[in-house]
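Have a look at input-v2.txt below; it lists compact mmCIF, C-alpha atoms.
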# COMPACT_ATOMS: atom_id res chain seq x y z
CA MET F 20 101.73 105.13 124.35
CA ARG F 21 103.93 107.87 122.88
CA ALA F 22 102.81 109.39 119.61
CA GLY F 23 104.35 107.51 116.73
CA SER F 24 105.14 104.41 118.77
CA LEU F 25 103.90 100.99 117.75
CA HIS F 26 103.74 98.03 120.06
CA ILE F 27 101.97 94.70 119.71
CA ALA F 28 101.70 92.67 122.87
CA VAL F 29 103.57 89.35 122.86
CA GLN F 30 101.39 86.48 124.00
CA LEU F 31 102.61 83.20 125.41
CA ASP F 32 101.40 80.12 123.59
CA LEU F 33 98.72 79.04 126.02
CA GLY F 34 96.37 77.63 123.42
CA THR F 35 93.90 79.33 121.14
CA ASP F 36 92.42 82.52 122.50
CA PRO F 37 88.61 82.12 122.59
CA ARG F 38 88.29 85.56 121.02
CA THR F 39 89.94 84.23 117.88
CA GLU F 40 87.04 81.86 117.34
CA ILE F 41 84.61 84.73 117.97
CA LEU F 42 86.29 86.65 115.16
CA ARG F 43 86.04 83.62 112.85
CA ARG F 44 82.34 83.21 113.62
CA THR F 45 81.77 86.92 113.19
CA GLN F 46 83.38 86.91 109.76
CA LYS F 47 81.32 83.93 108.66
CA ALA F 48 78.08 85.47 109.93
CA LEU F 49 78.76 88.81 108.28
CA ILE F 50 79.53 87.22 104.92
CA ALA F 51 76.35 85.15 105.18
CA ARG F 52 74.30 88.31 105.82
CA PHE F 53 75.99 90.90 103.60
CA GLY F 54 77.86 88.83 101.03
CA ARG F 55 81.52 89.19 100.16
CA ILE F 56 83.10 92.65 100.15
CA VAL F 57 86.40 92.08 98.40
CA ARG F 58 88.57 94.92 97.14
CA PRO F 59 89.74 93.93 93.63
CA PRO F 60 93.49 94.27 93.03
CA ASP F 61 92.89 96.91 90.36
CA LYS F 62 90.99 99.02 92.89
CA ARG F 63 93.92 99.24 95.28
CA ARG F 64 95.47 102.69 95.23
CA SER F 65 99.06 103.76 95.77
CA PRO F 66 100.28 104.20 99.36
CA GLU F 67 100.55 107.95 98.76
CA TRP F 68 96.90 108.20 97.65
CA VAL F 69 95.69 106.17 100.63
CA LEU F 70 97.75 108.35 102.98
CA VAL F 71 96.25 111.58 101.63
CA HIS F 72 92.77 110.05 101.79
CA GLY F 73 93.29 109.20 105.44
CA VAL F 74 94.80 112.55 106.43
CA ILE F 75 91.86 114.54 105.04
CA GLY F 76 89.13 112.02 105.84
CA ALA F 77 88.31 112.57 109.52
CA GLN F 78 84.56 112.03 110.11
CA THR F 79 83.88 112.27 106.38
CA LYS F 80 82.09 109.73 104.21
CA THR F 81 84.39 107.61 102.09
CA ALA F 82 82.86 108.72 98.79
CA ALA F 83 83.48 112.39 99.64
CA SER F 84 87.09 111.72 100.61
CA ASN F 85 87.60 109.69 97.44
CA ALA F 86 86.35 112.60 95.35
CA SER F 87 88.52 115.13 97.22
CA THR F 88 91.66 113.00 96.91
CA ASP F 89 91.13 112.32 93.21
CA GLY F 90 90.26 115.97 92.63
CA LEU F 91 93.51 117.24 94.13
CA LEU F 92 95.65 114.89 92.07
CA THR F 93 93.73 115.62 88.87
CA GLU F 94 93.96 119.39 89.30
CA PHE F 95 97.58 119.69 90.40
CA GLY F 96 99.11 116.63 88.75
CA SER F 97 101.32 115.46 91.62
CA TRP F 98 101.39 115.39 95.40
CA GLU F 99 104.51 117.57 95.31
CA ALA F 100 102.46 120.24 93.53
CA VAL F 101 99.66 119.86 96.08
CA ALA F 102 102.22 120.48 98.84
CA GLU F 103 103.00 123.88 97.30
CA VAL F 104 99.38 125.05 97.39
CA SER F 105 98.50 127.45 100.21
CA GLU F 106 96.36 126.23 103.09
CA GLY F 107 93.60 128.59 102.01
CA GLU F 108 93.54 127.20 98.48
CA LEU F 109 93.55 123.67 99.81
CA GLU F 110 90.69 124.48 102.15
CA ASP F 111 88.69 125.78 99.18
CA ARG F 112 89.17 122.45 97.43
CA LEU F 113 88.37 120.35 100.49
CA GLN F 114 84.86 121.63 101.12
CA ARG F 115 83.47 118.09 100.86
CA GLN F 116 85.38 117.23 104.03
CA SER F 117 83.80 117.62 107.46
CA PHE F 118 86.65 119.84 108.66
CA PRO F 119 88.18 121.44 105.56
CA SER F 120 90.47 123.87 107.39
CA VAL F 121 91.90 121.13 109.61
CA ALA F 122 92.25 118.80 106.61
CA ALA F 123 94.11 121.47 104.63
CA LYS F 124 96.54 122.23 107.45
CA ARG F 125 97.28 118.56 108.17
CA LEU F 126 97.66 117.63 104.52
CA LYS F 127 100.12 120.42 103.72
CA ALA F 128 102.22 119.65 106.81
CA CYS F 129 102.19 115.92 106.06
CA LEU F 130 103.21 116.27 102.42
CA GLN F 131 105.94 118.79 103.21
CA THR F 132 107.36 116.51 105.90
CA ILE F 133 107.54 113.58 103.47
CA ILE F 134 109.25 115.76 100.86
CA ALA F 135 111.79 116.94 103.43
CA GLU F 136 112.61 113.36 104.43
CA CYS F 137 112.28 111.54 101.10
CA GLY F 138 112.94 114.21 98.46
CA GLY F 139 109.40 113.82 97.13
CA VAL F 140 106.02 112.38 98.06
CA ASP F 141 107.18 108.83 97.56
CA LEU F 142 106.48 105.98 99.99
CA ARG F 143 108.17 103.20 98.06
CA HIS F 144 110.72 102.77 100.83
CA LEU F 145 107.98 101.33 103.04
CA SER F 146 107.95 98.18 100.90
CA ASN F 147 111.44 97.43 102.26
CA CYS F 148 110.33 97.79 105.90
CA ASP F 149 108.49 95.28 108.03
CA THR F 150 104.93 96.31 108.79
CA GLU F 151 105.53 97.55 112.34
CA GLU F 152 108.53 99.63 111.28
CA ALA F 153 106.62 101.13 108.35
CA MET F 154 103.62 102.03 110.51
CA ALA F 155 105.84 103.63 113.13
CA TRP F 156 107.45 105.77 110.41
CA LEU F 157 104.05 106.83 109.10
CA GLU F 158 102.80 107.75 112.57
CA ARG F 159 105.58 110.30 112.93
CA LEU F 160 103.98 112.30 110.12
CA PRO F 161 101.59 115.19 110.92
CA GLY F 162 97.98 114.07 110.92
CA VAL F 163 98.73 110.34 110.78
CA ALA F 164 97.45 108.05 113.53
CA ARG F 165 97.00 104.28 113.79
CA LYS F 166 93.94 104.03 111.54
CA ASN F 167 95.77 105.90 108.80
CA SER F 168 99.03 103.98 109.08
CA ALA F 169 97.21 100.64 109.03
CA GLY F 170 95.19 101.81 106.04
CA VAL F 171 98.32 102.64 104.07
CA MET F 172 99.77 99.22 104.80
CA ASN F 173 96.60 97.16 104.29
CA ALA F 174 94.32 98.93 101.80
CA SER F 175 96.96 100.15 99.34
CA THR F 176 99.06 98.22 96.86
CA LEU F 177 101.36 97.31 99.77
CA ASP F 178 98.69 94.73 100.78
CA ARG F 179 100.10 94.03 104.26
CA LYS F 180 98.55 92.31 107.26
CA ALA F 181 97.39 95.31 109.32
CA MET F 182 93.87 95.75 110.63
CA VAL F 183 92.26 99.10 109.84
CA ILE F 184 90.09 100.21 112.76
CA ASP F 185 87.59 103.02 112.35
CA GLY F 186 84.86 104.17 114.74
CA HIS F 187 82.43 101.45 113.67
CA HIS F 188 85.04 98.72 114.08
CA ARG F 189 86.15 99.98 117.49
CA ARG F 190 82.58 100.31 118.78
CA ILE F 191 81.56 96.82 117.65
CA MET F 192 84.61 95.10 119.12
CA GLN F 193 84.02 96.87 122.43
CA ARG F 194 80.33 96.02 122.54
CA MET F 195 81.10 92.42 121.69
CA GLY F 196 83.59 92.27 124.55
CA VAL F 197 86.51 91.31 122.31
CA VAL F 198 88.61 94.32 123.37
CA PRO F 199 88.63 96.54 126.48
CA ALA F 200 85.92 99.16 126.79
CA LYS F 201 87.05 102.75 126.23
CA ALA F 202 90.36 101.67 124.67
CA ASP F 203 91.58 103.96 121.89
CA THR F 204 92.32 102.83 118.35
CA ALA F 205 96.00 102.11 118.95
CA LYS F 206 95.28 99.97 122.02
CA ILE F 207 92.53 98.11 120.19
CA TYR F 208 94.92 97.45 117.31
CA ASP F 209 97.47 96.06 119.76
CA ALA F 210 94.81 93.87 121.37
CA LEU F 211 93.36 92.56 118.09
CA MET F 212 96.43 91.80 116.00
CA PRO F 213 97.71 88.91 118.18
CA ILE F 214 94.29 87.20 118.25
CA LEU F 215 93.36 87.42 114.57
CA PRO F 216 92.95 84.02 112.93
CA THR F 217 96.36 82.97 111.66
CA GLU F 218 94.91 81.88 108.33
CA TRP F 219 93.59 85.35 107.51
CA SER F 220 95.38 87.10 104.68
CA ALA F 221 95.74 90.85 104.29
CA ALA F 222 92.69 90.73 102.00
CA ASP F 223 90.69 88.87 104.70
CA MET F 224 91.56 91.62 107.19
CA ASP F 225 90.45 94.27 104.70
CA GLU F 226 87.16 92.45 104.12
CA HIS F 227 86.63 92.00 107.87
CA HIS F 228 86.98 95.74 108.36
CA LEU F 229 84.61 96.55 105.50
CA LEU F 230 82.02 94.08 106.78
CA LEU F 231 82.18 95.51 110.29
CA LYS F 232 81.77 98.98 108.86
CA LYS F 233 78.56 97.87 107.14
CA LEU F 234 77.37 96.25 110.39
CA GLY F 235 78.02 99.48 112.25
CA GLN F 236 76.08 101.50 109.71
CA MET F 237 73.09 99.16 109.66
CA PHE F 238 72.80 97.64 113.14
CA CYS F 239 75.48 98.56 115.68
CA ARG F 240 74.90 102.30 115.54
CA PRO F 241 76.69 104.73 117.85
CA ARG F 242 73.79 105.90 120.01
CA ALA F 243 71.50 102.86 119.98
CA ALA F 244 72.50 99.40 118.88
CA GLN F 245 69.72 97.63 116.96
CA CYS F 246 70.40 94.17 118.31
CA ASP F 247 67.24 92.61 116.90
CA GLY F 248 68.25 90.95 113.66
CA CYS F 249 71.97 91.60 114.13
CA PRO F 250 73.89 88.75 112.45
CA VAL F 251 76.51 88.58 115.24
CA ARG F 252 74.22 88.95 118.24
CA ASP F 253 74.92 85.43 119.48
CA ASN F 254 78.59 86.33 119.87
CA CYS F 255 78.05 89.76 121.41
CA GLN F 256 78.06 90.56 125.13
CA THR F 257 75.85 93.59 124.56
CA GLY F 258 73.41 91.70 122.33
CA LEU F 259 73.03 88.88 124.86
CA ALA F 260 72.76 91.16 127.90

Is it possible to express this structure as structure tokens?
Amino acid sequence: MRAGSLHIAVQLDLGTDPRTEILRRTQKALIARFGRIVRPPDKRRSPEWVLVHGVIGAQTKTAASNASTDGLLTEFGSWEAVAEVSEGELEDRLQRQSFPSVAAKRLKACLQTIIAECGGVDLRHLSNCDTEEAMAWLERLPGVARKNSAGVMNASTLDRKAMVIDGHHRRIMQRMGVVPAKADTAKIYDALMPILPTEWSAADMDEHHLLLKKLGQMFCRPRAAQCDGCPVRDNCQTGLA
């Protein structure tokens, strides 16, 4: 797949994909174990905020990226002003991030590209695009890949049907056998979107992602899955092996 491209496989109507029911059962089991994790409407941030958060957030805990993103906007007052700050100054302010120098370079390039194309750091035009078109536009920006573009569409005030897939989500879907092993985030996105339950709203997709993230932190860990007690073990190829 070329960088910036977006493609979702078209499936013939051959009946319900069995993986769809696995996803339904997984959601139900995770809610039963962890409770609901619903993002209140007043906690949804602007698309610009979510974009910045994603660009600087590689391998960094969410709370740290939240603090860094809020800190930049509070100190400089606008994303346009942040774009004018030198990479060195940005790096100084991104010390919470796992890779502050990389985060600073990507953020400055991303913001400057948006300003060049839109006249300011303003993503309102995405509300007039369909989701695939909007994500493809975002993925042309420096430092923006599929996780980030889906996050802007789903977790911001845009509230679109796009599944955010982080490392936890990818690992769990692969271990469960729902998506191909070793597939990257973009390919997993393309595999998952056509088989998601049709009744799921954008908020359901957001909750599904947040629940899987909790599962990955508590049970389905990167180096050694703790299958004993896992709430989705009965639906998991690895857990039943």

Query raised in the report: Which residue gives the smallest distance to Val183 of chain F among F:Ala48, F:Asp141, F:Gly73, F:Glu103, with only C-alpha atoms counted?
Result: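 Nearest to Val183 of chain F: F:Gly73.
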
**Prompt:** Quick one, how far is atom CA of Ala169 of chain F from atom CA of Cys249 of chain F?
**Reply:**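 The value is 27.3 Å.
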
Leu130 of chain F environment, 9 Å, all atoms listed in the file, sequence neighbours closer than 6 positions dropped, as a PyMOL selection string:
chain F and resi 71+98-99+101-102+139-140+160-161

Resulting file, chosen residues, C-alpha atoms, as a short mmCIF file (atom, residue, chain, number, x, y, z; two decimals), in the coordinates of the input:
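And here is the file that came out, part-v3.cif:
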data_model
loop_
_atom_site.label_atom_id
_atom_site.label_comp_id
_atom_site.auth_asym_id
_atom_site.auth_seq_id
_atom_site.Cartn_x
_atom_site.Cartn_y
_atom_site.Cartn_z
CA VAL F 71 96.25 111.58 101.63
CA TRP F 98 101.39 115.39 95.40
CA GLU F 99 104.51 117.57 95.31
CA VAL F 101 99.66 119.86 96.08
CA ALA F 102 102.22 120.48 98.84
CA GLY F 139 109.40 113.82 97.13
CA VAL F 140 106.02 112.38 98.06
CA LEU F 160 103.98 112.30 110.12
CA PRO F 161 101.59 115.19 110.92
#

Exercise. Might you pull out every residue within 12 Å of Thr81 of chain F, with only C-alpha atoms counted and same-chain residues fewer than 6 positions away left off, and present them as a list of chain:residue names?
Key: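 Skipping anything fewer than 6 positions along the chain leaves F:Val69, F:His72, F:Gly73, F:Ile75, F:Ser87, F:Thr88, F:Arg115, F:Gln116, F:Ser117, F:Asp185, F:Leu229, F:Lys232.
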
Between F:Arg189, F:Lys80, F:Arg64, F:Lys127, smallest distance to Pro241 of chain F by only C-alpha atoms belongs to F:Arg189

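Comparing the minimum interatomic distances between Phe53 of chain F and each of F:Ala122, F:Leu234, F:Val74, F:Ala83, counting only C-alpha atoms, we find that F:Leu234 sits nearest.
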
(message) Using Å and a single decimal, report how far atom CA of Met182 of chain F sits from atom CA of Met154 of chain F.
(response)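 Interatomic distance, atom CA of Met154 of chain F to atom CA of Met182 of chain F: 11.6 Å.
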
- Atomic separation - atom CA of Gln256 of chain F relative to atom CA of Ala200 of chain F, Å: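 For atom CA of Ala200 of chain F relative to atom CA of Gln256 of chain F, the distance reads 11.8 Å.
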
Q. Can you list, as a PyMOL selection string, every protein, DNA or RNA residue that comes within 9 Å of Thr204 of chain F when you count all atoms listed in the file, leaving out same-chain residues fewer than 4 positions away?
A. chain F and resi 164-166+184-186+189+208-209

Using all atoms listed in the file: which of F:Leu157, F:His188, F:Pro66, F:Glu151 has the shortest distance to Glu226 of chain F: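 Of all the options, F:His188 lies closest to Glu226 of chain F.
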
Residue with the minimum atom-to-atom distance to Asp61 of chain F, picked from F:Thr176, F:Glu218, F:Met224, F:Cys255 with all atoms listed in the file counted, is F:Thr176

Would you kindly return, as a list of chain:residue names, each protein, DNA or RNA residue with an atom no farther than 8 Å from any atom of Pro216 of chain F, considering all atoms listed in the file and excluding same-chain residues fewer than 4 positions away?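 Skipping anything fewer than 4 positions along the chain leaves F:Thr39, F:Glu40, F:Leu42, F:Arg43.
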
Please produce an output containing C-alpha atoms for each residue in the selection, written as a compact mmCIF listing (two decimals), keeping the file's coordinate frame.
# COMPACT_ATOMS: atom_id res chain seq x y z
CA THR F 39 89.94 84.23 117.88
CA GLU F 40 87.04 81.86 117.34
CA LEU F 42 86.29 86.65 115.16
CA ARG F 43 86.04 83.62 112.85

### Message
With distances taken over only C-alpha atoms, which residue among F:Cys148, F:Ile41, F:Ile134, F:Ala77 lies nearest Phe118 of chain F?
### Response
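Ranking F:Cys148, F:Ile41, F:Ile134, F:Ala77 by distance to Phe118 of chain F, first place goes to F:Ala77.
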
task: Find the spatial neighbours of Ser65 of chain F, counting all atoms listed in the file, within a cut-off of 9 Å - ignore same-chain residues fewer than 3 positions away - and output them as a PyMOL selection string.
output: chain F and resi 68-70+142+171+175-177

Please reconstruct the missing atoms of segment 110-136 of chain F (target: N, CA and C atoms) and return them as a short mmCIF file (atom, residue, chain, number, x, y, z; two decimals), in the frame of the given file.
data_model
loop_
_atom_site.label_atom_id
_atom_site.label_comp_id
_atom_site.auth_asym_id
_atom_site.auth_seq_id
_atom_site.Cartn_x
_atom_site.Cartn_y
_atom_site.Cartn_z
N GLU F 110 91.97 124.47 101.45
CA GLU F 110 90.69 124.48 102.15
C GLU F 110 89.53 124.68 101.17
N ASP F 111 89.73 125.55 100.19
CA ASP F 111 88.69 125.78 99.18
C ASP F 111 88.36 124.50 98.42
N ARG F 112 89.35 123.67 98.22
CA ARG F 112 89.17 122.45 97.43
C ARG F 112 88.77 121.24 98.28
N LEU F 113 88.72 121.44 99.58
CA LEU F 113 88.37 120.35 100.49
C LEU F 113 87.03 120.61 101.19
N GLN F 114 86.14 121.30 100.52
CA GLN F 114 84.86 121.63 101.12
C GLN F 114 83.95 120.42 101.31
N ARG F 115 84.25 119.32 100.63
CA ARG F 115 83.47 118.09 100.86
C ARG F 115 83.78 117.49 102.23
N GLN F 116 84.94 117.83 102.78
CA GLN F 116 85.38 117.23 104.03
C GLN F 116 84.65 117.85 105.21
N SER F 117 84.52 117.11 106.29
CA SER F 117 83.80 117.62 107.46
C SER F 117 84.52 118.79 108.10
N PHE F 118 85.85 118.77 108.06
CA PHE F 118 86.65 119.84 108.66
C PHE F 118 87.69 120.30 107.65
N PRO F 119 87.28 121.07 106.65
CA PRO F 119 88.18 121.44 105.56
C PRO F 119 89.43 122.20 105.99
N SER F 120 89.30 123.10 106.97
CA SER F 120 90.47 123.87 107.39
C SER F 120 91.49 122.98 108.09
N VAL F 121 91.01 122.07 108.92
CA VAL F 121 91.90 121.13 109.61
C VAL F 121 92.54 120.19 108.59
N ALA F 122 91.74 119.70 107.64
CA ALA F 122 92.25 118.80 106.61
C ALA F 122 93.34 119.47 105.79
N ALA F 123 93.13 120.74 105.43
CA ALA F 123 94.11 121.47 104.63
C ALA F 123 95.42 121.63 105.39
N LYS F 124 95.34 122.02 106.64
CA LYS F 124 96.54 122.23 107.45
C LYS F 124 97.32 120.93 107.62
N ARG F 125 96.62 119.85 107.95
CA ARG F 125 97.28 118.56 108.17
C ARG F 125 97.90 118.04 106.88
N LEU F 126 97.17 118.17 105.78
CA LEU F 126 97.66 117.63 104.52
C LEU F 126 98.93 118.35 104.08
N LYS F 127 98.93 119.67 104.14
CA LYS F 127 100.12 120.42 103.72
C LYS F 127 101.33 120.05 104.59
N ALA F 128 101.12 119.99 105.90
CA ALA F 128 102.22 119.65 106.81
C ALA F 128 102.73 118.24 106.54
N CYS F 129 101.81 117.31 106.30
CA CYS F 129 102.19 115.92 106.06
C CYS F 129 103.01 115.79 104.78
N LEU F 130 102.51 116.36 103.69
CA LEU F 130 103.21 116.27 102.42
C LEU F 130 104.58 116.94 102.48
N GLN F 131 104.66 118.09 103.12
CA GLN F 131 105.94 118.79 103.21
C GLN F 131 106.95 118.01 104.05
N THR F 132 106.47 117.33 105.08
CA THR F 132 107.36 116.51 105.90
C THR F 132 107.92 115.34 105.09
N ILE F 133 107.07 114.70 104.31
CA ILE F 133 107.54 113.58 103.47
C ILE F 133 108.57 114.07 102.45
N ILE F 134 108.30 115.22 101.84
CA ILE F 134 109.25 115.76 100.86
C ILE F 134 110.59 116.06 101.52
N ALA F 135 110.55 116.61 102.72
CA ALA F 135 111.79 116.94 103.43
C ALA F 135 112.60 115.69 103.74
N GLU F 136 111.92 114.59 104.06
CA GLU F 136 112.61 113.36 104.43
C GLU F 136 112.97 112.47 103.25
#
